[in-house]
$ cat my_file08.csv   # CSV, C-alpha atoms
chain,number,residue,atom,x,y,z
A,1,MET,CA,-89.7,-17.3,-0.5
A,2,THR,CA,-90.3,-16.5,-4.1
A,3,PHE,CA,-88.6,-13.7,-6.0
A,4,LYS,CA,-91.9,-11.8,-6.2
A,5,LYS,CA,-92.4,-11.9,-2.5
A,6,LEU,CA,-88.8,-10.6,-2.0
A,7,ILE,CA,-89.5,-7.5,-4.1
A,8,PRO,CA,-91.2,-5.4,-1.3
A,9,TYR,CA,-88.2,-6.1,1.0
A,10,ALA,CA,-85.7,-5.2,-1.7
A,11,ALA,CA,-87.7,-2.0,-2.4
A,12,ALA,CA,-87.6,-1.1,1.3
A,13,ALA,CA,-83.9,-1.8,1.5
A,14,ALA,CA,-83.3,0.5,-1.5
A,15,PHE,CA,-84.6,3.4,0.4
A,16,VAL,CA,-83.2,2.9,3.9
A,17,SER,CA,-80.1,4.9,3.2
A,18,VAL,CA,-82.1,8.1,2.9
A,19,SER,CA,-81.1,10.2,5.9
A,20,ALA,CA,-81.0,13.8,6.8
A,21,HIS,CA,-77.9,15.3,5.5
A,22,ALA,CA,-77.9,19.1,6.1
A,23,MET,CA,-75.3,21.1,4.3
A,24,ASP,CA,-74.8,24.8,4.8
A,25,PHE,CA,-73.4,26.7,1.9
A,26,ALA,CA,-71.0,29.6,2.3
A,27,LYS,CA,-71.9,30.8,-1.3
A,28,ASP,CA,-75.0,30.3,-3.4
A,29,GLU,CA,-72.7,29.1,-6.1
A,30,ASP,CA,-71.7,26.1,-3.8
A,31,ALA,CA,-75.3,24.9,-3.6
A,32,VAL,CA,-75.9,25.5,-7.3
A,33,ASN,CA,-72.7,23.5,-8.1
A,34,LEU,CA,-73.8,20.6,-5.9
A,35,ARG,CA,-77.2,20.5,-7.6
A,36,LYS,CA,-75.6,20.5,-11.0
A,37,ALA,CA,-73.2,17.8,-9.9
A,38,HIS,CA,-76.1,15.6,-8.9
A,39,MET,CA,-77.9,16.2,-12.2
A,40,ASP,CA,-74.7,15.5,-14.2
A,41,LEU,CA,-74.5,12.1,-12.6
A,42,VAL,CA,-78.2,11.4,-13.0
A,43,GLY,CA,-77.8,12.5,-16.7
A,44,THR,CA,-74.8,10.3,-17.2
A,45,TYR,CA,-76.3,7.1,-15.8
A,46,PHE,CA,-79.8,7.7,-17.1
A,47,GLY,CA,-78.5,8.8,-20.5
A,48,ASP,CA,-76.4,5.6,-20.8
A,49,MET,CA,-79.4,3.5,-20.0
A,50,GLY,CA,-81.5,5.4,-22.5
A,51,ALA,CA,-78.9,4.9,-25.2
A,52,MET,CA,-79.2,1.1,-24.7
A,53,ILE,CA,-83.0,1.2,-24.6
A,54,LYS,CA,-83.1,3.3,-27.8
A,55,GLY,CA,-80.7,0.9,-29.5
A,56,LYS,CA,-78.0,3.6,-29.9
A,57,LYS,CA,-75.5,1.2,-28.2
A,58,PRO,CA,-75.7,-2.5,-27.5
A,59,PHE,CA,-77.5,-3.6,-24.3
A,60,ASP,CA,-75.0,-4.6,-21.6
A,61,ALA,CA,-76.9,-6.0,-18.6
A,62,ALA,CA,-74.1,-5.5,-16.1
A,63,GLN,CA,-73.6,-1.9,-17.2
A,64,PHE,CA,-77.3,-1.2,-17.3
A,65,GLN,CA,-77.7,-2.5,-13.8
A,66,SER,CA,-74.7,-0.6,-12.5
A,67,ASN,CA,-76.2,2.6,-13.9
A,68,ALA,CA,-79.5,1.8,-12.2
A,69,ASP,CA,-77.8,1.0,-8.9
A,70,ARG,CA,-76.0,4.4,-9.0
A,71,LEU,CA,-79.1,6.3,-10.1
A,72,ALA,CA,-80.9,4.9,-7.0
A,73,VAL,CA,-78.1,6.3,-4.8
A,74,VAL,CA,-77.7,9.7,-6.5
A,75,THR,CA,-81.4,10.4,-6.7
A,76,GLN,CA,-81.6,10.1,-2.9
A,77,TRP,CA,-79.2,13.1,-2.8
A,78,SER,CA,-80.7,15.2,-5.5
A,79,GLY,CA,-82.9,17.3,-3.3
A,80,GLU,CA,-79.9,18.6,-1.5
A,81,GLY,CA,-78.7,22.1,-2.2
A,82,PHE,CA,-82.3,23.2,-2.5
A,83,GLU,CA,-83.0,23.6,1.2
A,84,GLY,CA,-82.4,27.3,1.1
A,85,LYS,CA,-83.2,29.6,-1.8
A,86,HIS,CA,-79.8,29.6,-3.5
A,87,LEU,CA,-79.9,31.1,-7.0
A,88,THR,CA,-77.2,32.3,-9.3
A,89,SER,CA,-77.3,33.6,-12.9
A,90,ASP,CA,-75.9,30.1,-13.8
A,91,SER,CA,-78.8,28.3,-12.2
A,92,LYS,CA,-81.9,27.1,-14.1
A,93,ALA,CA,-83.9,26.6,-10.9
A,94,LYS,CA,-87.1,28.6,-10.8
A,95,PRO,CA,-87.9,30.6,-7.6
A,96,GLU,CA,-91.2,28.8,-7.6
A,97,ILE,CA,-89.4,25.9,-5.9
A,98,TRP,CA,-89.2,27.8,-2.6
A,99,GLU,CA,-92.8,29.0,-2.9
A,100,ASN,CA,-94.0,25.4,-3.3
A,101,LYS,CA,-91.3,23.6,-1.4
A,102,ALA,CA,-93.6,20.8,-0.1
A,103,GLU,CA,-94.6,20.0,-3.7
A,104,PHE,CA,-91.0,20.1,-4.9
A,105,ASP,CA,-89.9,17.8,-2.1
A,106,LYS,CA,-92.7,15.4,-2.9
A,107,LEU,CA,-91.6,15.3,-6.6
A,108,MET,CA,-88.0,14.7,-5.5
A,109,LYS,CA,-89.0,11.9,-3.2
A,110,ALA,CA,-91.1,10.3,-6.0
A,111,PHE,CA,-88.1,10.6,-8.3
A,112,SER,CA,-85.9,8.7,-5.9
A,113,GLU,CA,-88.6,6.0,-5.3
A,114,LYS,CA,-89.0,5.5,-9.0
A,115,ALA,CA,-85.2,5.2,-9.4
A,116,GLY,CA,-85.4,2.5,-6.7
A,117,LYS,CA,-88.0,0.6,-8.7
A,118,LEU,CA,-85.8,0.8,-11.8
A,119,LYS,CA,-82.9,-0.6,-9.8
A,120,ILE,CA,-85.0,-3.5,-8.8
A,121,ALA,CA,-86.4,-4.1,-12.3
A,122,SER,CA,-82.9,-3.9,-13.8
A,123,ALA,CA,-81.7,-6.8,-11.6
A,124,SER,CA,-83.4,-9.3,-13.9
A,125,GLY,CA,-80.8,-8.6,-16.6
A,126,VAL,CA,-83.5,-8.5,-19.3
A,127,MET,CA,-83.8,-5.0,-20.8
A,128,LYS,CA,-87.6,-5.1,-21.5
A,129,ASP,CA,-88.3,-5.7,-17.8
A,130,SER,CA,-86.8,-2.3,-17.1
A,131,ILE,CA,-88.7,-0.3,-19.7
A,132,PRO,CA,-91.8,0.6,-17.7
A,133,ALA,CA,-89.7,1.7,-14.7
A,134,PHE,CA,-87.4,3.6,-17.0
A,135,LYS,CA,-90.3,5.5,-18.5
A,136,GLU,CA,-91.6,6.3,-15.0
A,137,VAL,CA,-88.3,7.8,-14.1
A,138,ALA,CA,-88.2,9.8,-17.3
A,139,ASP,CA,-91.8,11.1,-16.6
A,140,SER,CA,-90.6,12.0,-13.1
A,141,CYS,CA,-87.7,14.1,-14.5
A,142,GLY,CA,-90.1,15.8,-16.9
A,143,SER,CA,-92.8,16.7,-14.5
A,144,CYS,CA,-90.4,18.4,-12.1
A,145,HIS,CA,-88.5,20.2,-14.8
A,146,LYS,CA,-91.7,21.4,-16.4
A,147,LYS,CA,-92.8,23.1,-13.2
A,148,PHE,CA,-89.5,24.1,-11.5
A,149,LYS,CA,-86.7,24.4,-14.1
A,150,ASN,CA,-86.1,27.2,-16.6
A,151,LYS,CA,-85.1,26.1,-20.2
B,1,MET,CA,-65.5,-11.0,17.8
B,2,THR,CA,-64.1,-7.7,19.0
B,3,PHE,CA,-64.6,-4.4,17.2
B,4,LYS,CA,-60.9,-4.4,16.2
B,5,LYS,CA,-61.1,-7.8,14.6
B,6,LEU,CA,-64.1,-6.6,12.6
B,7,ILE,CA,-62.3,-3.7,11.0
B,8,PRO,CA,-60.6,-5.7,8.2
B,9,TYR,CA,-63.9,-7.2,7.3
B,10,ALA,CA,-65.6,-3.8,7.3
B,11,ALA,CA,-62.7,-2.5,5.2
B,12,ALA,CA,-63.1,-5.2,2.7
B,13,ALA,CA,-66.9,-4.6,2.5
B,14,ALA,CA,-66.3,-0.9,1.9
B,15,PHE,CA,-64.5,-1.7,-1.4
B,16,VAL,CA,-66.6,-4.6,-2.8
B,17,SER,CA,-68.9,-2.3,-4.8
B,18,VAL,CA,-66.1,-1.2,-7.1
B,19,SER,CA,-66.9,-2.6,-10.4
B,20,ALA,CA,-66.1,-1.9,-14.0
B,21,HIS,CA,-68.4,0.8,-15.2
B,22,ALA,CA,-67.4,1.8,-18.7
B,23,MET,CA,-68.9,5.0,-20.1
B,24,ASP,CA,-68.5,6.3,-23.6
B,25,PHE,CA,-68.7,10.0,-24.1
B,26,ALA,CA,-70.2,11.6,-27.2
B,27,LYS,CA,-68.4,14.8,-26.4
B,28,ASP,CA,-65.2,15.6,-24.4
B,29,GLU,CA,-67.4,18.0,-22.5
B,30,ASP,CA,-69.5,15.1,-21.2
B,31,ALA,CA,-66.5,13.4,-19.7
B,32,VAL,CA,-65.1,16.7,-18.2
B,33,ASN,CA,-68.5,17.5,-16.7
B,34,LEU,CA,-68.7,14.0,-15.1
B,35,ARG,CA,-65.3,14.4,-13.6
B,36,LYS,CA,-66.2,17.8,-12.3
B,37,ALA,CA,-69.4,16.5,-10.8
B,38,HIS,CA,-67.5,13.8,-8.9
B,39,MET,CA,-65.0,16.4,-7.6
B,40,ASP,CA,-67.9,18.7,-6.6
B,41,LEU,CA,-69.4,16.0,-4.5
B,42,VAL,CA,-66.0,15.1,-3.0
B,43,GLY,CA,-65.4,18.8,-2.2
B,44,THR,CA,-68.8,19.2,-0.6
B,45,TYR,CA,-68.5,16.2,1.7
B,46,PHE,CA,-64.8,16.5,2.5
B,47,GLY,CA,-65.1,20.3,2.9
B,48,ASP,CA,-67.9,19.9,5.4
B,49,MET,CA,-65.8,17.4,7.4
B,50,GLY,CA,-62.9,19.8,7.3
B,51,ALA,CA,-65.0,22.6,8.5
B,52,MET,CA,-65.9,20.5,11.6
B,53,ILE,CA,-62.3,19.4,12.1
B,54,LYS,CA,-61.1,23.0,11.9
B,55,GLY,CA,-63.7,24.2,14.3
B,56,LYS,CA,-65.5,26.4,11.7
B,57,LYS,CA,-68.7,24.6,12.5
B,58,PRO,CA,-69.8,22.4,15.4
B,59,PHE,CA,-69.0,18.7,15.2
B,60,ASP,CA,-72.1,16.7,14.3
B,61,ALA,CA,-71.2,13.0,14.5
B,62,ALA,CA,-74.1,11.8,12.3
B,63,GLN,CA,-73.4,14.4,9.6
B,64,PHE,CA,-69.7,13.7,9.8
B,65,GLN,CA,-70.3,10.0,9.3
B,66,SER,CA,-72.8,10.6,6.5
B,67,ASN,CA,-70.2,12.7,4.7
B,68,ALA,CA,-67.6,9.9,5.1
B,69,ASP,CA,-70.0,7.3,3.9
B,70,ARG,CA,-70.8,9.3,0.8
B,71,LEU,CA,-67.1,10.1,0.2
B,72,ALA,CA,-66.4,6.4,0.3
B,73,VAL,CA,-69.0,5.9,-2.5
B,74,VAL,CA,-68.1,8.8,-4.7
B,75,THR,CA,-64.3,8.2,-4.6
B,76,GLN,CA,-64.9,4.8,-6.1
B,77,TRP,CA,-66.3,6.6,-9.1
B,78,SER,CA,-63.8,9.4,-9.4
B,79,GLY,CA,-61.5,7.8,-11.9
B,80,GLU,CA,-64.3,7.6,-14.4
B,81,GLY,CA,-64.3,10.1,-17.3
B,82,PHE,CA,-60.5,9.7,-17.4
B,83,GLU,CA,-60.5,6.5,-19.4
B,84,GLY,CA,-59.9,8.3,-22.7
B,85,LYS,CA,-58.0,11.6,-23.2
B,86,HIS,CA,-61.0,14.0,-22.9
B,87,LEU,CA,-59.8,17.6,-22.6
B,88,THR,CA,-61.6,20.9,-23.0
B,89,SER,CA,-60.6,24.5,-22.3
B,90,ASP,CA,-62.6,24.2,-19.2
B,91,SER,CA,-60.7,21.2,-17.8
B,92,LYS,CA,-57.8,21.4,-15.4
B,93,ALA,CA,-56.6,17.9,-16.1
B,94,LYS,CA,-53.0,17.7,-17.3
B,95,PRO,CA,-52.3,15.7,-20.5
B,96,GLU,CA,-49.7,13.9,-18.3
B,97,ILE,CA,-52.6,11.8,-16.9
B,98,TRP,CA,-52.7,9.8,-20.1
B,99,GLU,CA,-48.9,9.5,-20.4
B,100,ASN,CA,-48.8,8.0,-16.9
B,101,LYS,CA,-52.2,6.3,-16.8
B,102,ALA,CA,-51.1,3.4,-14.6
B,103,GLU,CA,-49.7,5.8,-12.0
B,104,PHE,CA,-52.8,8.0,-12.1
B,105,ASP,CA,-55.1,5.0,-11.7
B,106,LYS,CA,-53.0,3.8,-8.7
B,107,LEU,CA,-53.4,7.2,-7.1
B,108,MET,CA,-57.1,7.2,-7.7
B,109,LYS,CA,-57.4,3.7,-6.2
B,110,ALA,CA,-55.4,4.8,-3.1
B,111,PHE,CA,-57.7,7.8,-2.8
B,112,SER,CA,-60.8,5.5,-2.7
B,113,GLU,CA,-59.1,3.2,-0.2
B,114,LYS,CA,-58.2,6.0,2.1
B,115,ALA,CA,-61.7,7.3,1.9
B,116,GLY,CA,-62.9,3.8,2.9
B,117,LYS,CA,-60.6,4.0,5.9
B,118,LEU,CA,-62.0,7.4,6.8
B,119,LYS,CA,-65.5,6.0,6.6
B,120,ILE,CA,-64.6,3.2,9.0
B,121,ALA,CA,-62.8,5.6,11.4
B,122,SER,CA,-65.8,8.0,11.4
B,123,ALA,CA,-68.1,5.2,12.6
B,124,SER,CA,-66.8,5.6,16.2
B,125,GLY,CA,-68.6,9.0,16.4
B,126,VAL,CA,-65.6,10.6,18.0
B,127,MET,CA,-64.0,13.3,15.9
B,128,LYS,CA,-60.4,12.7,16.9
B,129,ASP,CA,-60.5,9.1,15.8
B,130,SER,CA,-61.0,10.3,12.2
B,131,ILE,CA,-58.3,12.9,12.1
B,132,PRO,CA,-55.4,10.6,10.9
B,133,ALA,CA,-57.6,9.1,8.2
B,134,PHE,CA,-58.9,12.6,7.2
B,135,LYS,CA,-55.3,13.8,6.8
B,136,GLU,CA,-54.4,10.8,4.7
B,137,VAL,CA,-57.3,11.6,2.3
B,138,ALA,CA,-56.2,15.2,2.2
B,139,ASP,CA,-52.6,14.1,1.3
B,140,SER,CA,-54.1,11.8,-1.3
B,141,CYS,CA,-56.0,14.7,-3.0
B,142,GLY,CA,-52.8,16.8,-2.9
B,143,SER,CA,-50.4,14.3,-4.3
B,144,CYS,CA,-52.6,13.6,-7.3
B,145,HIS,CA,-53.5,17.3,-7.9
B,146,LYS,CA,-49.8,18.3,-7.7
B,147,LYS,CA,-48.9,15.9,-10.4
B,148,PHE,CA,-51.9,15.8,-12.6
B,149,LYS,CA,-54.0,19.0,-12.2
B,150,ASN,CA,-53.4,22.5,-13.5
B,151,LYS,CA,-54.0,25.3,-11.0

$ encode --input "my_file08.csv" --output "C-alpha cells"
Amino acid sequence: MTFKKLIPYAAAAAFVSVSAHAMDFAKDEDAVNLRKAHMDLVGTYFGDMGAMIKGKKPFDAAQFQSNADRLAVVTQWSGEGFEGKHLTSDSKAKPEIWENKAEFDKLMKAFSEKAGKLKIASASGVMKDSIPAFKEVADSCGSCHKKFKNK
Amino acid sequence: MTFKKLIPYAAAAAFVSVSAHAMDFAKDEDAVNLRKAHMDLVGTYFGDMGAMIKGKKPFDAAQFQSNADRLAVVTQWSGEGFEGKHLTSDSKAKPEIWENKAEFDKLMKAFSEKAGKLKIASASGVMKDSIPAFKEVADSCGSCHKKFKNK
C-alpha cells in the first residue's frame, strides 16, 4: 500500500475519537472559561506553527508536527461549552450562535476536519507540504469568528 | 493474555505520547494563559468526575471514561508554560517553582502518571474501581498546589 493510499485511512483515524461529551455547567462562567481554554490552546499551537511558516522562528519539523497533532485533538473539543447559551460580560461569543446553532456546529466540525488534514500534511516533515492545509485552518477560524465572535 | 496482564502494557501506552514540546512565549501573559487553559480543562474533566463520585450527578460510565481519557492527555501538557519564570499579577504560581524546578517537574510527572492510572481504572465502567485512582489524582493536585500555588 502506498503512502497516498494510506491517507484516507489516516484521515478517518484522526476523527474517530470524536465522541459525545456532554458537560453541564453550574455557572455561565464555567462554560465561557472552558471555551476560552480551548481557544488558548488552539492559539498557542497554531500561533507557533504560524511563526515558523512566517519565518519568525526556525522551522522545527518535530515541534511543528507536535503542534499539529495537538491541534487535531483540541479542535475536536472546541465546540464544547457552546451547547447551551452561556454568555458573560467576559465572553466574545455572539448570541447569533444559538440562533444558528446548526451552522455554527457545521463550522466547528469543518474546523476540526481541517485540523485533521493539517496533522496528516505535517507528518511529511517538510514545511511547504503543510502550507495549504494551514491556510485552510486559518480560513476556517476566520469564517467562524467573522460571523459568531465579537471583536 | 488476561486483562490483568494487559494493564502494564496499557499503562505504558498511556504515557508514550509525552514528548518534548518547547514553546517560547513572547509575553509572560501568554505562558500564564496557557497554564490556566490546561488547568481549566483539568478542572472541567476532574470536576465532572468528582460530581459523579460525590453523587451530585448520576454516574455515566461513558462520560466518566471520556473525562478520564482527556485528563490523561491534558495532564501530559500541564507542565508546559512553566519552563521559564513567567509571572504576572494574574498568576497564582509561586516563584518557588523555579527555585525547585526538579521537584516541581517530578510532581507534574507524577500527576500525569496518576491520571494515566485513572484512565485505565475508568475503563472497567464501574465507578468504584476508579475511586482509589481518583483520590490519588486529587492528592497529587493538592500536594503540588500546597507547595507551589498561591491561594

$ closest_atom_pairs --input "my_file08.csv" --of "chain B" --to "chain A" --cutoff "8 Å" --atoms "all atoms listed in the file" --output "JSON lines"
{"residue": "B:His21", "atom": "CA", "partner": "A:Gln63", "partner_atom": "CA", "distance": 6.2}
{"residue": "B:Ala22", "atom": "CA", "partner": "A:Gln63", "partner_atom": "CA", "distance": 7.4}
{"residue": "B:Met23", "atom": "CA", "partner": "A:Asp48", "partner_atom": "CA", "distance": 7.6}
{"residue": "B:Asn33", "atom": "CA", "partner": "A:Asp40", "partner_atom": "CA", "distance": 7.0}
{"residue": "B:Leu34", "atom": "CA", "partner": "A:Asp40", "partner_atom": "CA", "distance": 6.2}
{"residue": "B:Lys36", "atom": "CA", "partner": "A:Ala37", "partner_atom": "CA", "distance": 7.4}
{"residue": "B:Ala37", "atom": "CA", "partner": "A:Ala37", "partner_atom": "CA", "distance": 4.1}
{"residue": "B:His38", "atom": "CA", "partner": "A:Ala37", "partner_atom": "CA", "distance": 7.0}
{"residue": "B:Asp40", "atom": "CA", "partner": "A:Leu34", "partner_atom": "CA", "distance": 6.2}
{"residue": "B:Leu41", "atom": "CA", "partner": "A:Leu34", "partner_atom": "CA", "distance": 6.5}
{"residue": "B:Thr44", "atom": "CA", "partner": "A:Leu34", "partner_atom": "CA", "distance": 7.4}
{"residue": "B:Asp48", "atom": "CA", "partner": "A:Met23", "partner_atom": "CA", "distance": 7.6}
{"residue": "B:Gln63", "atom": "CA", "partner": "A:His21", "partner_atom": "CA", "distance": 6.2}
{"residue": "B:Ser66", "atom": "CA", "partner": "A:His21", "partner_atom": "CA", "distance": 7.0}

$ write_last_selection --input "my_file08.csv" --atoms "C-alpha atoms" --output "PDB file, in the frame of the given file"
ATOM      1  CA  HIS B  21     -68.400   0.800 -15.200  1.00  0.00           C
ATOM      2  CA  ALA B  22     -67.400   1.800 -18.700  1.00  0.00           C
ATOM      3  CA  MET B  23     -68.900   5.000 -20.100  1.00  0.00           C
ATOM      4  CA  ASN B  33     -68.500  17.500 -16.700  1.00  0.00           C
ATOM      5  CA  LEU B  34     -68.700  14.000 -15.100  1.00  0.00           C
ATOM      6  CA  LYS B  36     -66.200  17.800 -12.300  1.00  0.00           C
ATOM      7  CA  ALA B  37     -69.400  16.500 -10.800  1.00  0.00           C
ATOM      8  CA  HIS B  38     -67.500  13.800  -8.900  1.00  0.00           C
ATOM      9  CA  ASP B  40     -67.900  18.700  -6.600  1.00  0.00           C
ATOM     10  CA  LEU B  41     -69.400  16.000  -4.500  1.00  0.00           C
ATOM     11  CA  THR B  44     -68.800  19.200  -0.600  1.00  0.00           C
ATOM     12  CA  ASP B  48     -67.900  19.900   5.400  1.00  0.00           C
ATOM     13  CA  GLN B  63     -73.400  14.400   9.600  1.00  0.00           C
ATOM     14  CA  SER B  66     -72.800  10.600   6.500  1.00  0.00           C
TER      15      SER B  66
END

$ atom_distance --input "my_file08.csv" --atom1 "atom CA of A:Met52" --atom2 "atom CA of A:Gln76"
23.7 Å

$ residues_around --input "my_file08.csv" --residues "B:His145" --least-positions-apart "3" --cutoff "12 Å" --atoms "all atoms listed in the file" --output "list in words"
Met39, Lys92, Ala93, Lys94, Glu96, Ile97, Phe104, Leu107, Met108, Phe111, Ala138, Asp139, Ser140, Cys141, Gly142, Phe148, Lys149, Asn150 and Lys151 of chain B

$ write_last_selection --input "my_file08.csv" --atoms "C-alpha atoms" --output "compact mmCIF listing (two decimals), in the coordinates of the input"
# COMPACT_ATOMS: atom_id res chain seq x y z
CA MET B 39 -65.00 16.40 -7.60
CA LYS B 92 -57.80 21.40 -15.40
CA ALA B 93 -56.60 17.90 -16.10
CA LYS B 94 -53.00 17.70 -17.30
CA GLU B 96 -49.70 13.90 -18.30
CA ILE B 97 -52.60 11.80 -16.90
CA PHE B 104 -52.80 8.00 -12.10
CA LEU B 107 -53.40 7.20 -7.10
CA MET B 108 -57.10 7.20 -7.70
CA PHE B 111 -57.70 7.80 -2.80
CA ALA B 138 -56.20 15.20 2.20
CA ASP B 139 -52.60 14.10 1.30
CA SER B 140 -54.10 11.80 -1.30
CA CYS B 141 -56.00 14.70 -3.00
CA GLY B 142 -52.80 16.80 -2.90
CA PHE B 148 -51.90 15.80 -12.60
CA LYS B 149 -54.00 19.00 -12.20
CA ASN B 150 -53.40 22.50 -13.50
CA LYS B 151 -54.00 25.30 -11.00

$ closest_residue --input "my_file08.csv" --among "A:Cys144, A:Ser124, A:Gly84, A:Asp129" --to "A:Lys106" --atoms "only C-alpha atoms"
A:Cys144

$ atom_distance --input "my_file08.csv" --atom1 "atom CA of A:Ser130" --atom2 "atom CA of B:Lys27"
26.8 Å

$ atom_distance --input "my_file08.csv" --atom1 "atom CA of A:Ile120" --atom2 "atom CA of A:Val42"
16.9 Å

$ residues_around --input "my_file08.csv" --residues "A:Met127" --least-positions-apart "6" --cutoff "12 Å" --atoms "all atoms listed in the file" --output "PyMOL selection string"
chain A and resi 49-55+58-65+68+118-119+121+133-134

$ closest_residue --input "my_file08.csv" --among "A:Ala115, A:Lys85, A:Ser78, A:Trp98" --to "A:Phe46" --atoms "only C-alpha atoms"
A:Ala115

$ residues_around --input "my_file08.csv" --residues "B:Asp90" --least-positions-apart "3" --cutoff "9 Å" --atoms "all atoms listed in the file" --output "list of chain:residue names"
B:Glu29, B:Val32, B:Leu87
